[in-house]
Amino acid sequence: MSNIATLEIDGKKYEFPVVVGTENEVAIDIGKLRGQTNAITLDPGYKNSGSCKSAITFLDGEKGILRYRGYSIEDLAGKSNFLEVSFLLVFGELPTAAELEKFEDDIRKYTLVNEEMKNIIDGFPRTAHPMGVLASLTSALTAFNPKSADVNNEEEMYDTVCKTMAKFMVIATWTYRKNMGYPLNYYDNTKGYVENFMRLMFETPTGPYKADPVVVNALDKLFILHADHEQNCSTSTVRMVGSSHAGLFASISSGVSALWGPLHGGANQAVLEMLEEIHQNGGDADKYLEKAKDKEDPFRLMGFGHRVYKNFDPRAKIIKKAADDVLSSLGVNDPILAIAKKLEEAALEDEYFKSRNLYPNVDFYSGIIYRAMGIPTEMFTVLFAIGRLPGWIAQWKEMRVNKEPIGRPRQVYTGEQLRDFKSVNER
């Protein structure tokens, strides 16, 4: 392949370097396009534009491949745990046993949240969406941690990572406690990170809470599967905001807001809302499968297929078993989940869905797991955010260490040309 791309405008040719990644991804470096030609590219949604070089996550949607730092998602989900994967994403290598133990201990040092944060959460009505509360609380952490981390100081950056992992977990669960009207819980430093999530969410003053190990294992896998996903909407937002040298908490708060959208992190919530709709209309899964096949019908099956994975979502294969294990362990008898299982079985067998690669994706199975755990649909995206946190941190850190310039997209102006101004009595 040539290492030069040629562009011709008005009969004049310009040459631009071709960049090839370690997995043979090809990009044309147009960094000097505007300077040389006075033209820009137009790419709505940036579907064909690379915003950076990154060594964190490799994704091949055609082949169904997802890797963190070179490790397959299958190996990581099957052999690792969430804090190991978090360390890998942020610091570039899997931790040794000693490093992992220290990482978990150092996270525990920062799990107390300033009591004044309670005044902020008290100001929200109980009906406030947990993602809106989480974005606000994450941003508020900046007020209690005003010193921005020096990304070139390894010790300072490490402490900031531990602090962020610790406090975000606590405030994320507080959004649920607020919604339910429960007293706020504190991290238990004698328990693991994912087990703490369960206790922070569900333990009440009336008695101790014991987490089901099958559920903890499934959550651990879900957090790993959600930990990073290349330059998606929320991750790109974190990098864009961070490119102005905004601090880590402020940048992550912007990522939470981006994740909130139903086209991004809200997809698993949309799955359950679809299942609720089917249930309220008689629970006939076959009827809705036929509606999904009808091009004239506006109904769409949520949680099937993926805009990036054109073949299959590798994460879905992993979490399907975890979902089956959770349903079996909890013995949940729920008509909504019964509809979900019927849709899944039919779609996996129906030639219409198979020929179009419309397989259940990770959002479908994560919604089932959260529903079985008794988590309200409004909290689904909060759990997504907990899983995505280490990816956001890693991407922010990489962007700052690489000294990437401030993000500043261009536009093609389509408005009015110069007009004469008329005073108000002449209009």
# chains A, B, ... in the order shown; residues from 1 in each chain; ligands from 1
call {"tool": "closest_atom_pairs", "arguments": {"of": "range 75-106 of chain A", "to": "range 48-67 of chain A", "cutoff": "10 Å", "atoms": "only C-alpha atoms", "output": "CSV"}}
result
residue,atom,partner,partner_atom,distance
A:Asp75,CA,A:Arg67,CA,9.3
A:Leu76,CA,A:Arg67,CA,8.8
A:Leu88,CA,A:Ile56,CA,9.1
A:Leu89,CA,A:Ile56,CA,6.4
A:Val90,CA,A:Ile56,CA,8.4
A:Phe91,CA,A:Ile56,CA,9.7
A:Gly92,CA,A:Ile56,CA,7.6
call {"tool": "write_last_selection", "arguments": {"atoms": "N, CA, C and O atoms", "output": "mmCIF file, in the first residue's frame"}}
result
data_model
loop_
_atom_site.group_PDB
_atom_site.id
_atom_site.type_symbol
_atom_site.label_atom_id
_atom_site.label_comp_id
_atom_site.auth_asym_id
_atom_site.auth_seq_id
_atom_site.Cartn_x
_atom_site.Cartn_y
_atom_site.Cartn_z
ATOM 1 N N ASP A 75 -10.688 -13.477 27.072
ATOM 2 C CA ASP A 75 -9.723 -13.838 28.114
ATOM 3 C C ASP A 75 -9.917 -12.987 29.368
ATOM 4 O O ASP A 75 -9.878 -13.497 30.497
ATOM 5 N N LEU A 76 -10.112 -11.696 29.165
ATOM 6 C CA LEU A 76 -10.234 -10.799 30.314
ATOM 7 C C LEU A 76 -11.489 -11.099 31.118
ATOM 8 O O LEU A 76 -11.461 -11.141 32.352
ATOM 9 N N LEU A 88 -5.194 -2.330 33.988
ATOM 10 C CA LEU A 88 -4.674 -2.553 32.638
ATOM 11 C C LEU A 88 -4.997 -1.382 31.719
ATOM 12 O O LEU A 88 -4.114 -0.858 31.019
ATOM 13 N N LEU A 89 -6.254 -0.958 31.710
ATOM 14 C CA LEU A 89 -6.671 0.116 30.821
ATOM 15 C C LEU A 89 -5.933 1.418 31.127
ATOM 16 O O LEU A 89 -5.459 2.097 30.225
ATOM 17 N N VAL A 90 -5.834 1.759 32.399
ATOM 18 C CA VAL A 90 -5.274 3.055 32.785
ATOM 19 C C VAL A 90 -3.753 3.071 32.694
ATOM 20 O O VAL A 90 -3.160 4.037 32.195
ATOM 21 N N PHE A 91 -3.114 1.986 33.131
ATOM 22 C CA PHE A 91 -1.649 1.992 33.243
ATOM 23 C C PHE A 91 -0.931 1.168 32.178
ATOM 24 O O PHE A 91 0.297 1.180 32.104
ATOM 25 N N GLY A 92 -1.680 0.449 31.342
ATOM 26 C CA GLY A 92 -1.082 -0.171 30.166
ATOM 27 C C GLY A 92 -0.691 -1.621 30.277
ATOM 28 O O GLY A 92 -0.503 -2.289 29.260
#
call {"tool": "closest_atom_pairs", "arguments": {"of": "range 161-235 of chain A", "to": "range 368-388 of chain A", "cutoff": "9 Å", "atoms": "only C-alpha atoms", "output": "CSV"}}
result
residue,atom,partner,partner_atom,distance
A:Met165,CA,A:Ile386,CA,8.7
A:Phe168,CA,A:Ile386,CA,7.4
A:Met169,CA,A:Ile386,CA,6.5
A:Ala172,CA,A:Val382,CA,6.5
A:Thr173,CA,A:Val382,CA,8.3
A:Thr175,CA,A:Met379,CA,8.2
A:Tyr176,CA,A:Met379,CA,6.9
A:Val215,CA,A:Met373,CA,7.8
A:Ala218,CA,A:Ile369,CA,8.1
A:Leu219,CA,A:Ile369,CA,8.5
A:Asp220,CA,A:Gly387,CA,8.8
A:Leu222,CA,A:Gly387,CA,7.3
A:Phe223,CA,A:Gly387,CA,4.0
A:Ile224,CA,A:Gly387,CA,6.5
A:Leu225,CA,A:Gly387,CA,7.7
A:His226,CA,A:Gly387,CA,5.2
A:Ala227,CA,A:Arg388,CA,4.2
A:Asp228,CA,A:Arg388,CA,5.7
A:His229,CA,A:Arg388,CA,8.5
A:Thr235,CA,A:Arg388,CA,8.8
call {"tool": "select_by_dssp", "arguments": {"residues": "range 29-150 of chain A", "states": "strand (DSSP E)", "output": "list in words"}}
result
Thr57, Phe58, Leu59, Asp60, Ile65, Leu66, Arg67, Tyr68, Tyr71 and Ser72 of chain A
call {"tool": "residues_around", "arguments": {"residues": "range 17-29 of chain A", "least_positions_apart": "5", "cutoff": "8 Å", "atoms": "only C-alpha atoms", "output": "list of chain:residue names"}}
result
A:Ser2, A:Asn3, A:Ile4, A:Ala5, A:Gly50
call {"tool": "closest_residue", "arguments": {"among": "A:Ser243, A:Ser139, A:Ser355, A:Thr190", "to": "Phe312 in chain A", "atoms": "only C-alpha atoms"}}
result
A:Ser355
call {"tool": "atom_distance", "arguments": {"atom1": "CA of Ser80 in chain A", "atom2": "CA of Ala211 in chain A"}}
result
19.8 Å
call {"tool": "residues_around", "arguments": {"residues": "Gly407 in chain A", "least_positions_apart": "5", "cutoff": "12 Å", "atoms": "only C-alpha atoms", "output": "list in words"}}
result
Ser51, Cys52, Ser236, Thr237, Val238, Arg239, Met240, Val241, Gly242, Ser243, Ser244, His245 and Met399 of chain A
call {"tool": "atom_distance", "arguments": {"atom1": "CA of Trp392 in chain A", "atom2": "CA of Ile319 in chain A"}}
result
21.9 Å
call {"tool": "closest_residue", "arguments": {"among": "A:Asp284, A:Asp363, A:Asp188, A:Glu351", "to": "Ala338 in chain A", "atoms": "only C-alpha atoms"}}
result
A:Asp284
call {"tool": "atom_distance", "arguments": {"atom1": "CA of Val362 in chain A", "atom2": "CA of Trp260 in chain A"}}
result
16.8 Å
call {"tool": "residues_around", "arguments": {"residues": "Glu345 in chain A", "least_positions_apart": "4", "cutoff": "12 Å", "atoms": "only C-alpha atoms", "output": "list of chain:residue names"}}
result
A:Ala285, A:Asp286, A:Leu289, A:Lys320, A:Ala338, A:Ile339, A:Ala340, A:Lys341, A:Glu349, A:Asp350, A:Phe353, A:Lys354, A:Tyr359, A:Pro360
call {"tool": "write_last_selection", "arguments": {"atoms": "N, CA and C atoms", "output": "compact mmCIF listing (two decimals), in the first residue's frame"}}
result
# COMPACT_ATOMS: atom_id res chain seq x y z
N ALA A 285 -44.95 -12.36 22.26
CA ALA A 285 -43.64 -12.11 21.69
C ALA A 285 -43.62 -12.37 20.19
N ASP A 286 -44.33 -13.42 19.74
CA ASP A 286 -44.36 -13.75 18.31
C ASP A 286 -44.93 -12.60 17.48
N LEU A 289 -42.26 -10.02 17.09
CA LEU A 289 -41.23 -10.48 16.15
C LEU A 289 -41.67 -10.23 14.71
N LYS A 320 -24.28 -13.74 27.97
CA LYS A 320 -25.46 -14.61 27.88
C LYS A 320 -25.43 -15.68 28.96
N ALA A 338 -39.60 -13.54 31.09
CA ALA A 338 -40.07 -14.65 30.27
C ALA A 338 -40.23 -14.20 28.82
N ILE A 339 -40.73 -12.99 28.60
CA ILE A 339 -40.84 -12.44 27.24
C ILE A 339 -39.47 -12.27 26.63
N ALA A 340 -38.51 -11.78 27.44
CA ALA A 340 -37.15 -11.58 26.95
C ALA A 340 -36.53 -12.89 26.48
N LYS A 341 -36.72 -13.95 27.27
CA LYS A 341 -36.15 -15.25 26.89
C LYS A 341 -36.80 -15.78 25.61
N GLU A 349 -33.09 -18.40 16.36
CA GLU A 349 -33.48 -19.49 15.45
C GLU A 349 -34.09 -18.98 14.14
N ASP A 350 -34.65 -17.78 14.15
CA ASP A 350 -35.38 -17.24 13.00
C ASP A 350 -34.42 -16.82 11.90
N PHE A 353 -33.70 -12.97 11.26
CA PHE A 353 -32.76 -12.30 12.14
C PHE A 353 -31.34 -12.82 11.95
N LYS A 354 -31.22 -14.13 11.74
CA LYS A 354 -29.89 -14.72 11.55
C LYS A 354 -29.21 -14.18 10.29
N TYR A 359 -28.50 -10.39 16.19
CA TYR A 359 -28.42 -11.22 17.39
C TYR A 359 -28.59 -10.35 18.63
N PRO A 360 -29.02 -10.93 19.76
CA PRO A 360 -29.08 -10.16 21.00
C PRO A 360 -27.70 -9.59 21.32
call {"tool": "select_by_dssp", "arguments": {"residues": "range 112-245 of chain A", "states": "alpha helix (DSSP H)", "output": "ChimeraX atom specification"}}
result
/A:117-122,130-144,154-180,193-202,213-226,233-242
call {"tool": "closest_residue", "arguments": {"among": "A:Tyr193, A:Phe124, A:Phe87, A:Phe304", "to": "Lys178 in chain A", "atoms": "only C-alpha atoms"}}
result
A:Phe124
call {"tool": "residues_around", "arguments": {"residues": "range 34-37 of chain A", "least_positions_apart": "4", "cutoff": "9 Å", "atoms": "only C-alpha atoms", "output": "list in words"}}
result
Ile9, Tyr14, Ile30 and Thr41 of chain A
call {"tool": "closest_residue", "arguments": {"among": "A:Asn38, A:Thr204, A:Thr127, A:Asn81", "to": "Asn217 in chain A", "atoms": "only C-alpha atoms"}}
result
A:Asn81
call {"tool": "closest_residue", "arguments": {"among": "A:Gln231, A:Ser257, A:Ala270, A:Gly282", "to": "Arg300 in chain A", "atoms": "only C-alpha atoms"}}
result
A:Ala270
